[in-house]
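Novice: The structure follows.
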Amino acid sequence: MKFVHREENRLVRNYNHETLWIEPWGKNGLRIRATQLANMRNENWALLPQGTSTSHISVNENFAVIRNGKITAQLTSEGKITFYNQDKKLLLEEFVRNRENTTKPCSALNIHSRELKPMIGDNFCLTARFESDPTEKLFGMGQYQQKFLNLKNCQLELAQRNSQASVPFVLSSLGYGFLWNNPAIGKVMFGKNITEWTAYSTNQLDYWITAGDTPAEIEENYALVTGTVPMMPEYAMGLWQSKLRYQTQEELLNIAREYEKRGIPLSVIVVDFFHWTKQGEWKFDPKYWPNPDEMVRELRNMGIELMVSIWPTVDKNSENYQTMLHSGYLVQVDRGISTTMEHLGNTVFFDPTNPGARKFVWEKVKQNYYKKGIRIFWLDEAEPEYSVYDYDLYRYNAGSDLQVGNIYPLMYAKTFFDGMQNEGQKNIINLVRCAWAGSQRYGALVWSGDIYSSFEVLRCQLCAGLNMGLAGIPWWTTDIGGFHGGNPQDKAFQELMIRWFQFGAFCPVFRIHGDREPHSAPLGDAGGGLCPSGSENEIWSYGEEAYKIFKKYILLRQKMKPYISKIMWEAHKNGTPVIRPLFYDFPKDAKCWEVEDEYMFGPSLLVAPILYPGARERKIYLPEGPVWKNTETGESFQGGVKISCDAPLNVIPVFANNDVDVTLNVSHGQKN
């Protein structure tokens, strides 16, 4: 082919103003880049360095072929790319409609698969188009507040918002995984007639594709090129206690002491936001938190870790603002006043894409928290949560928000991971409110943001958590009960809380948090006294019936720790999602690809959460193959059937695969 040649391990096409690269990347993977600039940019973004992948390349008059393991790309003389697996099965092909295209009927539409529309400067509005198989099922892409697990026929914003995490890796039922390796703001449409990826401002096309015989193989290929989570520390596998917000050191310690008095094991307790003097000073207000060192010691003697909330906001009146402003450590505003968030003060987010800013913030956190023994942080506002989501307004050290904005939460997590790792800490975990592809390798435990308290929202969290795992983020959690609203004395809310708590017991991290009603008043008019607090949110706050159920599942979670350790090791070693749809473990069972309201917690436990108020039974599909035991009743069922299962208020239906020795039997209780 006249315009195509081989450069070492890479297939290169130069035609008109476009340079196209196709090269092996990882196991069974290919990376595709294209630009109209003079030189290809070398940022790896979500990807780890290339490694030693070997490709097989051939070129003739009509097409070129490049193969890496189980995936092959064919490039026609007209520039169209088609991907196949090792059995020559079509996986994905570019969408082209013009007179030059010889693989489809000629068309006068003149639509190209790779479109880079020039903007001012070196930026382009990028569109990448692919043919759509209407029968295909698509999963992953991070966390979106919607009820759909299968994303086919959905349009998704590629942007970070409070409760939305864009992690642009999609797993296809056709046997491939696709990473949109571009942190630009944009959108993707998984249409019935076309798949279309758009970046509103970027320098070049960049994506990665892999093939595998099973969803597990595809996920493992993806983990090899983007990284895996650390091994979760054992302390993090139990209950995390939090509320909006413990206002003083003594209040928090009294809650921890009450758990110890009741004999209830507690893993983590949380100092939430506005415990500080000012935003951007990153230190305790001594008026309300007079002796943090002693607080940490007392908690640790009870077997409890203290987690502290960190915000990336810097108040213009804080002691660090002028230094950070003059050093270029703050997010720049291209137009108007340089305020990026208004919340109890005019604040500007720090810029974690700037290495100097990362170092500066970590040194403050190290001095004021880490040296006091705090080893886990709550990285809130991680999207970041702009008061106005005008993405064209903000600019980072790495580029404009339109170009690179989706990478903010990854670099925020990296700020703390690198600092903690440099201190010699192992098994790092930090709670982060957002993520992008690759965040997992920086110890990011993502939660689903400031969601509302309702069964409808609970149903959305199930889809969000499963798709986050398939997008390569295995550490995921929610605010049990939802964040906004809910009165602990309200019977309807107590039911929601119980059902959410049961679901939380079978999530990667078991964590209670929320802004409960009614609120209490602020303690002062400055610093740590500035904010009000929500109502009580401890397990004894919801009445005796709820308390007994909560206690049951806390003790069950403790009993499961050896099993949880095994599945956390798989997440660390192979990138395996901790919670995943049924098809992940049973891909040959066609019905498992249709089930969206059950999931696997590791390879051996099938969980069927109760997602509707008043429900006391539900239908459950048990996958073909193993025998399944109801862990509450001891009944056994041969797989491949749908059953009706009782679900009294004190029970979430859970079934164990008899092929694995996992015993969950606890006190059965009575039906409600």
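By order in the structure tokens, chains are A, B, ...; within a chain, residues start at 1; ligands start at 1, following the order shown.
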Write out as a list in words all residues of stretch 336-564 of chain A that DSSP puts in strand (DSSP E) for this structure's backbone.

Specialist: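 DSSP on the backbone gives strand (DSSP E) at Met341, Glu342, Asn346, Thr347, Val348, Phe349, Ile376, Phe377, Trp378, Leu379, Tyr394, Arg395, Tyr396, Gly399, Ser400, Asn430, Leu431, Val432, Ala444, Leu445, Val446, Trp447, Trp476, Thr477, Phe510, Arg511 and Ile512 of chain A.
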
Novice: Distance table requested - stretch 251-338 of chain A against stretch 345-352 of chain A, cut-off 12 Å, only C-alpha atoms: one row per qualifying residue with the closest atom pair and its distance in Å to one decimal, ordered by chain and rising residue number, as a Markdown table.

Specialist:
```
| residue | atom | partner | partner_atom | distance |
| --- | --- | --- | --- | --- |
| A:Phe274 | CA | A:Gly345 | CA | 11.9 |
| A:Lys278 | CA | A:Gly345 | CA | 9.2 |
| A:Gln279 | CA | A:Thr347 | CA | 7.7 |
| A:Gly280 | CA | A:Thr347 | CA | 8.5 |
| A:Glu281 | CA | A:Phe350 | CA | 11.8 |
| A:Ile310 | CA | A:Phe350 | CA | 11.9 |
| A:Trp311 | CA | A:Phe349 | CA | 8.6 |
| A:Pro312 | CA | A:Phe349 | CA | 5.3 |
| A:Thr313 | CA | A:Phe349 | CA | 4.4 |
| A:Val314 | CA | A:Thr347 | CA | 5.1 |
| A:Asp315 | CA | A:Thr347 | CA | 4.3 |
| A:Lys316 | CA | A:Thr347 | CA | 5.9 |
| A:Asn317 | CA | A:Asn346 | CA | 8.5 |
| A:Ser318 | CA | A:Thr347 | CA | 9.4 |
| A:Asn320 | CA | A:Phe350 | CA | 10.8 |
| A:Tyr321 | CA | A:Val348 | CA | 8.8 |
| A:Gln322 | CA | A:Val348 | CA | 11.5 |
| A:Thr323 | CA | A:Phe350 | CA | 11.7 |
| A:Met324 | CA | A:Phe350 | CA | 8.0 |
| A:Leu325 | CA | A:Phe350 | CA | 9.3 |
| A:Ser327 | CA | A:Asp351 | CA | 11.0 |
| A:Gly328 | CA | A:Asp351 | CA | 8.4 |
| A:Tyr329 | CA | A:Asp351 | CA | 5.6 |
| A:Leu330 | CA | A:Phe350 | CA | 4.3 |
| A:Val331 | CA | A:Asp351 | CA | 5.1 |
| A:Gln332 | CA | A:Val348 | CA | 8.5 |
| A:Val333 | CA | A:Val348 | CA | 9.3 |
| A:Ile337 | CA | A:Asn346 | CA | 10.2 |
| A:Ser338 | CA | A:Val348 | CA | 7.1 |
```

Novice: Using only C-alpha atoms, find the one residue out of A:Ala413, A:Ala357, A:Val308, A:Leu149 that sits nearest to A:Arg580.

Specialist: A:Leu149

Novice: Which of stretch 320-559 of chain A end up as helix (DSSP H, G or I) when DSSP is run on this backbone - answer as a ChimeraX atom specification?

Specialist: /A:321-327,355-368,370-372,391-393,401-422,439-442,455-470,491-505,527-529,539-542,544-559

Novice: Please report the interatomic distance between atom CA of A:Gln461 and atom CA of A:Gly481 in Å with one decimal.

Specialist: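 Between atom CA of A:Gln461 and atom CA of A:Gly481 the gap works out to 11.0 Å.
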
Novice: Can you work out which one of A:Pro409, A:Pro134, A:Gly472, A:Pro230 has the shortest atom-to-atom distance to A:Val170, counting only C-alpha atoms?

Specialist: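 Using only C-alpha atoms, A:Val170 sits closest to A:Gly472.
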
Novice: Using only C-alpha atoms, which protein or nucleic acid residues come within 10 Å of A:Pro518? Drop anything in the same chain fewer than 3 positions from it, and give the result as a PyMOL selection string.

Specialist: chain A and resi 485-488+515+521+533-536

Novice: Between A:Ser53, A:Gln146, A:Ser387, A:Thr35, which one has atoms that come closest to A:Asn14, using only C-alpha atoms?

Specialist: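 Selected residue with least distance to A:Asn14: A:Thr35.
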
Novice: Pick out the residues sitting within 12 Å of stretch 641-643 of chain A, and hand them over as an NGL selection string; count only C-alpha atoms, and ignore anything fewer than 3 positions along from it in its own chain.

Specialist: :A and (589 or 591-592 or 595 or 608 or 617-628 or 630 or 635-638 or 646 or 653 or 655)

Novice: Using N, CA and C atoms, can you write the selected residues to a file as a compact mmCIF listing (two decimals), in the first residue's frame?

Specialist:
```txt
# COMPACT_ATOMS: atom_id res chain seq x y z
N ASP A 589 -23.99 -18.72 29.87
CA ASP A 589 -25.42 -18.74 30.18
C ASP A 589 -26.04 -17.47 29.62
N LYS A 591 -28.93 -16.23 29.63
CA LYS A 591 -29.86 -15.50 30.50
C LYS A 591 -29.12 -14.57 31.46
N CYS A 592 -27.88 -14.92 31.79
CA CYS A 592 -27.12 -14.09 32.72
C CYS A 592 -26.81 -12.71 32.13
N VAL A 595 -29.83 -10.32 33.12
CA VAL A 595 -30.19 -10.03 34.51
C VAL A 595 -29.48 -8.76 34.98
N ALA A 608 -29.09 -10.89 45.74
CA ALA A 608 -30.32 -10.39 45.12
C ALA A 608 -30.92 -9.31 46.02
N GLU A 617 -40.62 -10.60 49.10
CA GLU A 617 -40.16 -11.72 48.29
C GLU A 617 -39.73 -11.17 46.94
N ARG A 618 -39.00 -11.97 46.18
CA ARG A 618 -38.61 -11.55 44.84
C ARG A 618 -38.21 -12.75 44.00
N LYS A 619 -38.26 -12.56 42.68
CA LYS A 619 -37.83 -13.58 41.73
C LYS A 619 -36.31 -13.50 41.59
N ILE A 620 -35.69 -14.66 41.49
CA ILE A 620 -34.23 -14.73 41.38
C ILE A 620 -33.88 -15.77 40.33
N TYR A 621 -32.96 -15.40 39.43
CA TYR A 621 -32.43 -16.36 38.47
C TYR A 621 -31.10 -16.89 39.00
N LEU A 622 -30.97 -18.22 39.02
CA LEU A 622 -29.75 -18.89 39.46
C LEU A 622 -29.03 -19.44 38.24
N PRO A 623 -27.81 -19.01 37.97
CA PRO A 623 -27.10 -19.39 36.75
C PRO A 623 -26.91 -20.90 36.60
N GLU A 624 -26.80 -21.31 35.34
CA GLU A 624 -26.58 -22.72 35.02
C GLU A 624 -25.23 -23.19 35.55
N GLY A 625 -25.20 -24.49 35.90
CA GLY A 625 -23.94 -25.11 36.28
C GLY A 625 -23.93 -25.58 37.71
N PRO A 626 -23.65 -24.67 38.66
CA PRO A 626 -23.51 -25.14 40.04
C PRO A 626 -24.85 -25.35 40.74
N VAL A 627 -24.77 -25.96 41.90
CA VAL A 627 -25.89 -26.01 42.83
C VAL A 627 -25.76 -24.79 43.75
N TRP A 628 -26.90 -24.12 43.98
CA TRP A 628 -26.90 -22.90 44.78
C TRP A 628 -27.63 -23.14 46.09
N ASN A 630 -29.31 -21.42 49.46
CA ASN A 630 -29.81 -20.22 50.13
C ASN A 630 -29.12 -20.14 51.49
N GLU A 635 -31.73 -24.16 51.90
CA GLU A 635 -32.29 -24.85 50.74
C GLU A 635 -31.31 -24.82 49.57
N SER A 636 -31.29 -25.89 48.78
CA SER A 636 -30.41 -25.98 47.62
C SER A 636 -31.21 -26.06 46.34
N PHE A 637 -30.67 -25.49 45.25
CA PHE A 637 -31.33 -25.45 43.96
C PHE A 637 -30.30 -25.71 42.87
N GLN A 638 -30.68 -26.52 41.89
CA GLN A 638 -29.85 -26.70 40.71
C GLN A 638 -29.92 -25.44 39.87
N ASP A 646 -38.32 -15.88 49.51
CA ASP A 646 -38.78 -15.02 50.59
C ASP A 646 -37.68 -14.02 50.93
N PRO A 653 -31.66 -11.84 50.15
CA PRO A 653 -31.38 -13.16 49.58
C PRO A 653 -29.94 -13.27 49.06
N PHE A 655 -27.16 -16.44 47.79
CA PHE A 655 -26.99 -17.85 47.45
C PHE A 655 -25.51 -18.14 47.25
```

Novice: Of the residues A:Ala526, A:Gly29, A:Gly514, A:Thr353, which is the one nearest to A:Tyr288, using only C-alpha atoms?

Specialist: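 That would be A:Ala526, the residue with the smallest distance to A:Tyr288.
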
Novice: Give me the residues within 8 Å of A:Asp334 as a ChimeraX atom specification, counting only C-alpha atoms and dropping any in the same chain fewer than 4 places off.

Specialist: /A:393-395

Novice: I'd like the contact shell of A:Thr195 - 7 Å cut-off, only C-alpha atoms, skipping same-chain residues fewer than 4 positions apart - returned as a list in words.

Specialist: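 So the residues in contact are Arg129, Phe130, Glu131, Ser132, Met189, Phe190 and Gly191 of chain A.
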
Novice: Kindly export the residues of the current selection with N, CA and C atoms, as a PDB file, in the first residue's frame.

Specialist:
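For reference, selection37.pdb as written:
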```pdb
ATOM      1  N   ARG A 129     -16.172   7.271  14.681  1.00  0.00           N
ATOM      2  CA  ARG A 129     -17.419   6.569  14.395  1.00  0.00           C
ATOM      3  C   ARG A 129     -17.158   5.089  14.136  1.00  0.00           C
ATOM      4  N   PHE A 130     -18.075   4.249  14.655  1.00  0.00           N
ATOM      5  CA  PHE A 130     -17.982   2.808  14.473  1.00  0.00           C
ATOM      6  C   PHE A 130     -19.349   2.249  14.116  1.00  0.00           C
ATOM      7  N   GLU A 131     -19.327   1.164  13.342  1.00  0.00           N
ATOM      8  CA  GLU A 131     -20.568   0.459  13.034  1.00  0.00           C
ATOM      9  C   GLU A 131     -21.176  -0.098  14.320  1.00  0.00           C
ATOM     10  N   SER A 132     -22.487  -0.163  14.353  1.00  0.00           N
ATOM     11  CA  SER A 132     -23.196  -0.657  15.529  1.00  0.00           C
ATOM     12  C   SER A 132     -23.901  -1.965  15.216  1.00  0.00           C
ATOM     13  N   MET A 189     -22.125   8.135  22.137  1.00  0.00           N
ATOM     14  CA  MET A 189     -23.460   7.649  21.812  1.00  0.00           C
ATOM     15  C   MET A 189     -23.342   6.209  21.340  1.00  0.00           C
ATOM     16  N   PHE A 190     -23.933   5.286  22.104  1.00  0.00           N
ATOM     17  CA  PHE A 190     -23.958   3.882  21.720  1.00  0.00           C
ATOM     18  C   PHE A 190     -25.282   3.606  21.006  1.00  0.00           C
ATOM     19  N   GLY A 191     -25.433   4.174  19.841  1.00  0.00           N
ATOM     20  CA  GLY A 191     -26.705   4.116  19.136  1.00  0.00           C
ATOM     21  C   GLY A 191     -26.977   2.769  18.499  1.00  0.00           C
TER      22      GLY A 191
END
```

Novice: Tell me which protein, DNA and RNA residues are within 12 Å of A:Leu445, counting only C-alpha atoms, leaving out same-chain ones fewer than 5 positions away, and put them as a PyMOL selection string.

Specialist: chain A and resi 228-232+236+376-380+382+409-410+413+417+428-436+439-440+465+468-469+472-478+507-511

Novice: Could you please take those selected residues and save C-alpha atoms as a short mmCIF file (atom, residue, chain, number, x, y, z; two decimals), in the first residue's frame?

Specialist:
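Here's the written file part.cif:
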```cif
data_model
loop_
_atom_site.label_atom_id
_atom_site.label_comp_id
_atom_site.auth_asym_id
_atom_site.auth_seq_id
_atom_site.Cartn_x
_atom_site.Cartn_y
_atom_site.Cartn_z
CA THR A 228 -4.75 -2.57 39.56
CA VAL A 229 -5.68 -1.49 43.07
CA PRO A 230 -3.28 -2.17 45.93
CA MET A 231 -4.18 -5.00 48.29
CA MET A 232 -6.95 -3.69 50.52
CA ALA A 236 -10.92 -1.58 55.67
CA ILE A 376 -6.46 7.18 55.30
CA PHE A 377 -8.01 10.26 53.69
CA TRP A 378 -11.41 11.20 52.30
CA LEU A 379 -10.71 13.09 49.08
CA ASP A 380 -13.98 14.94 48.63
CA ALA A 382 -12.78 15.30 43.52
CA PRO A 409 -9.76 13.02 40.05
CA LEU A 410 -6.95 10.69 38.97
CA ALA A 413 -5.73 10.62 44.06
CA PHE A 417 -0.88 8.06 46.88
CA ILE A 428 -2.86 2.50 50.45
CA ILE A 429 -6.58 3.25 50.26
CA ASN A 430 -8.26 6.66 50.08
CA LEU A 431 -11.95 7.45 49.60
CA VAL A 432 -12.42 9.57 46.46
CA ARG A 433 -15.63 11.05 45.08
CA CYS A 434 -14.73 10.54 41.43
CA ALA A 435 -12.38 8.63 39.14
CA TRP A 436 -11.03 8.27 35.63
CA SER A 439 -7.45 5.88 39.18
CA GLN A 440 -7.46 2.39 40.65
CA GLY A 465 -21.46 -0.08 41.15
CA MET A 468 -17.76 0.92 37.83
CA GLY A 469 -16.26 -2.51 38.48
CA GLY A 472 -11.73 -1.14 36.06
CA ILE A 473 -12.57 0.51 39.41
CA PRO A 474 -13.13 -2.47 41.75
CA TRP A 475 -13.18 -0.44 45.00
CA TRP A 476 -16.62 1.20 45.12
CA THR A 477 -19.14 2.14 47.81
CA THR A 478 -22.23 4.25 48.47
CA CYS A 507 -20.34 -4.17 48.49
CA PRO A 508 -16.56 -3.80 48.26
CA VAL A 509 -16.64 -1.36 51.21
CA PHE A 510 -19.37 -1.36 53.88
CA ARG A 511 -19.90 2.29 54.78
#
```

Novice: I'd like to know which of A:Leu126, A:Leu156, A:Leu530, A:Leu37 is closest to A:His275, using only C-alpha atoms.

Specialist: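 Answer, going by the shortest atom-to-atom distance: A:Leu530.
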
Novice: From the list A:Leu90, A:Val578, A:Leu266, A:Ile374, which residue is nearest A:Asn467 when using only C-alpha atoms?

Specialist: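 Smallest distance to A:Asn467 is found for A:Val578.
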
Novice: Quick one: pull the distance between atom CA of A:Phe95 and atom CA of A:Leu11, Å, one decimal.

Specialist: 20.3 Å

Novice: Report, in Å with one decimal, the straight-line distance from atom CA of A:Ser400 to atom CA of A:Ile451.

Specialist: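 Atom-to-atom, atom CA of A:Ser400 and atom CA of A:Ile451 are spaced 28.6 Å apart.
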